Every structure is written in C-alpha cells, then in structure tokens.
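Student: Here it is, the structure, as structure tokens.
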Amino acid sequence: MNLSHVVIVYETEEAARARLQRYGYTPELAHEIAVYLGQATDLPDFFGEITEALNAEGLTVDFIELDALLARLPDLMPQPDSTILWTITDGIRFYRGSSISALSRMAGFARYGSPATAQHLCQNKFASLALAATAGIPIAPTLLIEGRKQLASLGDWQQQRGPYFVKPNTLGAKIGIFSDSRCATLDEALDRAERLWDRYHDRALIQPFVAGDDVRISFMDLGRGFRAQLGIEQLAKDPRSETGGEFMTMKDNETLSGARDTDGSRGGFGQGHAAAFVPSMTDLRGEPAAAGAVAIIEDAAVRLVRLLGLRDCFSIDFRIRTGGSPVFFEFEVCPAVTIYDFQAYLRGVHGQTLGAALARSFRLAHGRRGTRAEA
C-alpha cells in the first residue's frame, strides 16, 4: 500500500522539564537539560512549510506531542500499511521519545529513521566510540569516569600527558562543557568529571585534547548515491567564543540554539542572552587542502552506516586535528533539522527546503517497510 499519512512525534521542552523535576533535578538544571531533550524546540515554526510540502505530494501529516501519542494510537491503527512514524528525538538517556522507533515496529507502522538499536546507542558516546574502533574508525583514547572512578578505557593511555578534555557521556548540545573543560592534568580532569556526576548524574569522558576544527557530517536520503548526499562542513572558529574558538562551550551554544541562527536569533537556552557570534560553516569539498581528510571522513561514514544501520536522516561529528587527520567523536540518529547547519546542508547539497526534502525522503523510507531487514 502506498504512503498516505505521516506522523511526526516530538517531545516538548516543557514536558521534559516537568518530568526531570519530578526526578529531583532543580528547575535550573531541568531547563538546561531540556533544551537538548526538546530537540524540536523550533519545529512548530516549520509546521506550515512541512504540511504544505507534504500535502502537495498527496500526504497528510499529524504533529503529535509525545505525551499525546498513546491516546492517538487507536485512530492510527486501522491503516498501518499507509502510515509512517518519525520521532524527532535522539538517544534514550533522560527522556522517552526514543521509544517510538520500537513502538512503530510493534504496531506495524513503517519507521522513518534508524532502527531502535542505533537510536539507543547514539547518546552513549563511550559505547559508540568502542564500536567504531572495532571497525577501524579513528578515535581518541578515552576514559569512562563515574565521579572520580574509572570504569573503562579505550586506546593507548601510556603516552598521554595532557592537556585533557572532559565532557558528559550522554548529554549533547554542549551541555556540561565549560571553559575549564580543557585541563592541564589528569587530576584536574577527574575534578571536572566529578562535577558532571554531581551536577547532572552523568558519567564523563576524559580524552586527550584534540586541537583542530569541528566537522559536521549531515545526511538525508533523497535517493541519490550515498557519498553524493553527504554534507561535510567545518565550523569556523570564532574569537568571540568563550574559549577564543578552541572548542565550543555550553555558553557558546546559546548562539547556536534556534531555527534562524544564520540571522542571529536563538531559541530555548539562548533566549534572553546576547548572541556571542553567528555561526559560519565551510563546505570542505570545496577546499583542495582538505581533500585527504574528506576522503577519510567519507570512508568512515560508509563504515559507520553499515556497522550501525543508520538510515534516512542522521549526522556524524568529527574533529580534524591540526595537521589534517580526522577523529570520530559521535553520531546522531535525529539531528535537529531546523537549525542552521542542517538547513544549510539541505540548501547546499540537495537544493531543497526542509518540507520538500522530507516529502521525498518519507516515501523512500516507506518503500522498505516490507523488506527482510525490517522483520
């Protein structure tokens, strides 16, 4: 049966904040974390564009808040073969939206996005790095720390002498990354790890600090060859950032939050704060000096997709070391499609608006609903 109905499920910041507070987080911390958990804070600004584009392709669409989905399921069940579900949420820690990929399988709906296994893995940076390393993808040596206690390690630590970098294992959007997250000594790094455990109840990663440039790999499947559909863009360093461009912090992310970032506006955590700078991205495929790094990144992306089963829409983060060699950091099964980097990717690689791209991509995803891979 052909696709006729799209259901887009999203978790609001308000719902995430209220639930986190019920579990003992202060209002301040619940607000801080929920900016990432909402993941679709700016989605309502795109309801009209997406609806118009899908309607033009003969598709109806419902935008359903996560907490309302169970009550709506009886209305959706009569036509599972012509319906596709997409949950705009990433990972599993701290929130519940990632359950929808498994729910869609149980209910018999086609699913947009990667399978539940990838959905539940992506937010665990340490597990992702460990799996990537088995496929020969370059990673930085990494310690997994709970409080001050080491739980596990990856790579060779014998020659590591600092500086070090400390970040949360499961939080994204630069939450928990401060200007002092780069540390001179391992003892300082353990202090920062203990702070993350006390503040967020999240384990920490300690890695050698990788001097270089952040690179975002973006992907949405519109039916062309895989490599041709990859966006490979470097985030420009800006001296107005909290660390002078050496790395992005939670405070810097006030600038990055929001759908209209290329015009300097912010949503969520950034509301009411002056923008430090407007982010700028460079397409590395247009930089001859980056050709070697681009080739390594493309090859790593191919291996990660095959290894993890990534599909439809995702992103991967690398850092290119000073000197040119890329290092894999993490991946997302549901990047924030409304913000500046993904919007730029859709325009630059596909020449499409978000609504038009989704209309095409939803049909392709629905077409695989009966394959053995989905059994």
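Labels for the structure tokens follow display order: chains A, B, ..., residues from 1 in each chain, ligands from 1.
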Name all residues at most 12 Å from A:Val61 (count only C-alpha atoms; drop same-chain ones fewer than 6 positions away) and give them as a list in words.
Tutor: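 Selected residues are Leu3, Ser4, His5, Val6, Val7, Ile8, Val9, Phe47, Gly48, Glu49, Ile50, Thr51, Glu52, Ala53, Leu54, Asn55, Leu76, Ser82, Thr83, Ile84, Leu85, Trp86, Gly355, Leu358, Ala359 and Phe362 of chain A.
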Student: Write out as a tab-separated table (two decimals) with C-alpha atoms, in the first residue's frame all residues of stretch 75-244 of chain A that DSSP puts in helix (DSSP H, G or I) for this structure's backbone.
Tutor:
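The new file result.tsv reads:
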```
chain	number	residue	atom	x	y	z
A	75	ASP	CA	-7.03	6.28	15.50
A	76	LEU	CA	-3.81	5.39	13.66
A	80	PRO	CA	-0.63	0.86	9.49
A	81	ASP	CA	0.49	-0.01	5.95
A	82	SER	CA	-0.05	3.52	4.66
A	99	SER	CA	10.77	4.53	22.49
A	100	ILE	CA	8.79	5.41	19.36
A	101	SER	CA	11.14	3.61	16.98
A	102	ALA	CA	10.46	0.38	18.90
A	103	LEU	CA	6.75	1.17	19.24
A	104	SER	CA	6.38	1.65	15.50
A	105	ARG	CA	7.83	-1.82	14.95
A	106	MET	CA	5.46	-3.38	17.48
A	107	ALA	CA	2.43	-1.62	15.99
A	116	ALA	CA	15.95	1.18	17.73
A	117	THR	CA	19.41	-0.33	18.27
A	118	ALA	CA	21.07	2.76	16.78
A	119	GLN	CA	18.57	5.07	18.48
A	120	HIS	CA	19.54	3.69	21.89
A	121	LEU	CA	23.28	3.62	21.18
A	125	LYS	CA	29.41	8.29	23.40
A	126	PHE	CA	31.71	5.73	25.02
A	127	ALA	CA	29.85	2.73	23.60
A	128	SER	CA	29.71	4.41	20.18
A	129	LEU	CA	33.46	5.04	20.23
A	130	ALA	CA	34.18	1.47	21.29
A	131	LEU	CA	32.10	0.05	18.45
A	132	ALA	CA	33.58	2.45	15.91
A	133	ALA	CA	37.11	1.47	16.94
A	134	THR	CA	36.37	-2.18	16.10
A	186	LEU	CA	44.58	14.20	34.89
A	187	ASP	CA	43.74	15.18	38.48
A	188	GLU	CA	42.06	18.35	37.21
A	189	ALA	CA	40.17	16.25	34.66
A	190	LEU	CA	38.89	13.99	37.44
A	191	ASP	CA	37.66	17.11	39.27
A	192	ARG	CA	35.63	18.07	36.18
A	193	ALA	CA	34.30	14.51	35.85
A	194	GLU	CA	33.18	14.60	39.47
A	195	ARG	CA	31.41	17.90	38.82
A	196	LEU	CA	29.49	16.36	35.91
A	197	TRP	CA	28.41	13.45	38.10
A	198	ASP	CA	27.30	15.75	40.91
A	199	ARG	CA	25.55	18.24	38.61
A	200	TYR	CA	23.87	16.01	36.03
A	227	ARG	CA	28.53	9.84	-0.86
A	228	ALA	CA	26.87	12.41	-3.11
A	229	GLN	CA	24.27	13.08	-0.40
```
Student: May I have the residues within 10 Å of A:Trp157 as a VMD selection string, using only C-alpha atoms and disregarding those fewer than 3 positions away in the same chain?
Tutor: chain A and resid 140 to 143 153 to 154 160 to 161 207 to 208
Student: Go ahead and dump the residues you just picked, C-alpha atoms, as a short mmCIF file (atom, residue, chain, number, x, y, z; two decimals), in the first residue's frame.
Tutor:
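Now in part_33.cif:
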```cif
data_model
loop_
_atom_site.label_atom_id
_atom_site.label_comp_id
_atom_site.auth_asym_id
_atom_site.auth_seq_id
_atom_site.Cartn_x
_atom_site.Cartn_y
_atom_site.Cartn_z
CA ALA A 140 40.84 9.46 20.55
CA PRO A 141 41.95 7.44 23.61
CA THR A 142 39.06 7.70 26.08
CA LEU A 143 38.40 7.03 29.76
CA SER A 153 39.14 2.80 28.83
CA LEU A 154 39.72 2.83 25.09
CA GLN A 160 49.16 10.60 27.21
CA ARG A 161 50.47 13.58 29.17
CA GLN A 207 40.23 12.33 26.31
CA PRO A 208 43.46 13.98 25.21
#
```
Student: Among stretch 102-205 of chain A, which ones does DSSP assign to strand (DSSP E) (computed from the backbone)? Answer as a VMD selection string.
Tutor: chain A and resid 110 to 111 142 to 146 149 to 154 164 to 168 182 to 183 204 to 205
Student: Determine the nearest neighbour of A:Arg148 from the options A:Leu205, A:Ile177, A:Leu59, A:Leu304, counting only C-alpha atoms.
Tutor: A:Leu205
Student: Given the choices A:Glu146, A:Asp299, A:Asp312, A:Glu28, which gets closest to A:Ala365 if the distance is worked out from only C-alpha atoms?
Tutor: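 Smallest separation from A:Ala365 among the options: A:Asp312.
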Student: Excluding A:Ala295 and its own-chain neighbours fewer than 4 positions away, which residues fall within 12 Å of it when counting only C-alpha atoms? Please give them as a PDB file with N, CA and C atoms, in the first residue's frame.
Tutor:
```pdb
ATOM      1  N   ARG A 227      27.495   8.815  -1.017  1.00  0.00           N
ATOM      2  CA  ARG A 227      28.526   9.839  -0.864  1.00  0.00           C
ATOM      3  C   ARG A 227      28.079  11.185  -1.417  1.00  0.00           C
ATOM      4  N   LEU A 230      26.131  13.263   1.166  1.00  0.00           N
ATOM      5  CA  LEU A 230      26.756  13.693   2.411  1.00  0.00           C
ATOM      6  C   LEU A 230      27.078  15.183   2.369  1.00  0.00           C
ATOM      7  N   ILE A 232      29.588  17.757   4.221  1.00  0.00           N
ATOM      8  CA  ILE A 232      30.807  17.720   5.044  1.00  0.00           C
ATOM      9  C   ILE A 232      31.244  19.168   5.255  1.00  0.00           C
ATOM     10  N   LEU A 284      33.771  21.587   3.068  1.00  0.00           N
ATOM     11  CA  LEU A 284      35.152  21.114   2.892  1.00  0.00           C
ATOM     12  C   LEU A 284      35.391  20.507   1.517  1.00  0.00           C
ATOM     13  N   ARG A 285      34.318  20.119   0.831  1.00  0.00           N
ATOM     14  CA  ARG A 285      34.537  19.570  -0.506  1.00  0.00           C
ATOM     15  C   ARG A 285      35.036  20.636  -1.469  1.00  0.00           C
ATOM     16  N   PRO A 288      40.534  22.399  -1.561  1.00  0.00           N
ATOM     17  CA  PRO A 288      41.509  21.413  -2.049  1.00  0.00           C
ATOM     18  C   PRO A 288      42.434  20.891  -0.956  1.00  0.00           C
ATOM     19  N   ALA A 289      42.806  21.727   0.003  1.00  0.00           N
ATOM     20  CA  ALA A 289      43.727  21.293   1.052  1.00  0.00           C
ATOM     21  C   ALA A 289      43.103  20.257   1.984  1.00  0.00           C
ATOM     22  N   ALA A 290      41.760  20.157   1.960  1.00  0.00           N
ATOM     23  CA  ALA A 290      41.065  19.215   2.838  1.00  0.00           C
ATOM     24  C   ALA A 290      40.710  17.913   2.147  1.00  0.00           C
ATOM     25  N   ALA A 291      41.168  17.703   0.915  1.00  0.00           N
ATOM     26  CA  ALA A 291      40.762  16.529   0.135  1.00  0.00           C
ATOM     27  C   ALA A 291      41.091  15.223   0.844  1.00  0.00           C
ATOM     28  N   ASP A 299      34.968   7.622   3.928  1.00  0.00           N
ATOM     29  CA  ASP A 299      35.155   6.186   4.152  1.00  0.00           C
ATOM     30  C   ASP A 299      34.654   5.787   5.537  1.00  0.00           C
ATOM     31  N   ALA A 300      34.944   6.607   6.546  1.00  0.00           N
ATOM     32  CA  ALA A 300      34.471   6.312   7.900  1.00  0.00           C
ATOM     33  C   ALA A 300      32.953   6.349   7.964  1.00  0.00           C
ATOM     34  N   ALA A 301      32.334   7.293   7.272  1.00  0.00           N
ATOM     35  CA  ALA A 301      30.874   7.385   7.258  1.00  0.00           C
ATOM     36  C   ALA A 301      30.251   6.132   6.636  1.00  0.00           C
ATOM     37  N   VAL A 302      30.828   5.656   5.550  1.00  0.00           N
ATOM     38  CA  VAL A 302      30.337   4.434   4.913  1.00  0.00           C
ATOM     39  C   VAL A 302      30.389   3.265   5.893  1.00  0.00           C
ATOM     40  N   GLY A 324      45.661  17.689   9.890  1.00  0.00           N
ATOM     41  CA  GLY A 324      44.794  17.171   8.848  1.00  0.00           C
ATOM     42  C   GLY A 324      44.140  15.835   9.046  1.00  0.00           C
ATOM     43  N   SER A 325      44.409  15.095  10.144  1.00  0.00           N
ATOM     44  CA  SER A 325      43.818  13.761  10.278  1.00  0.00           C
ATOM     45  C   SER A 325      42.522  13.826  11.109  1.00  0.00           C
ATOM     46  N   PRO A 326      41.417  13.225  10.613  1.00  0.00           N
ATOM     47  CA  PRO A 326      40.136  13.290  11.308  1.00  0.00           C
ATOM     48  C   PRO A 326      40.038  12.288  12.459  1.00  0.00           C
TER      49      PRO A 326
END
```
Student: Just the number, please: distance in Å from atom CA of A:Glu298 to atom CA of A:His366, one decimal.
Tutor: 26.2 Å
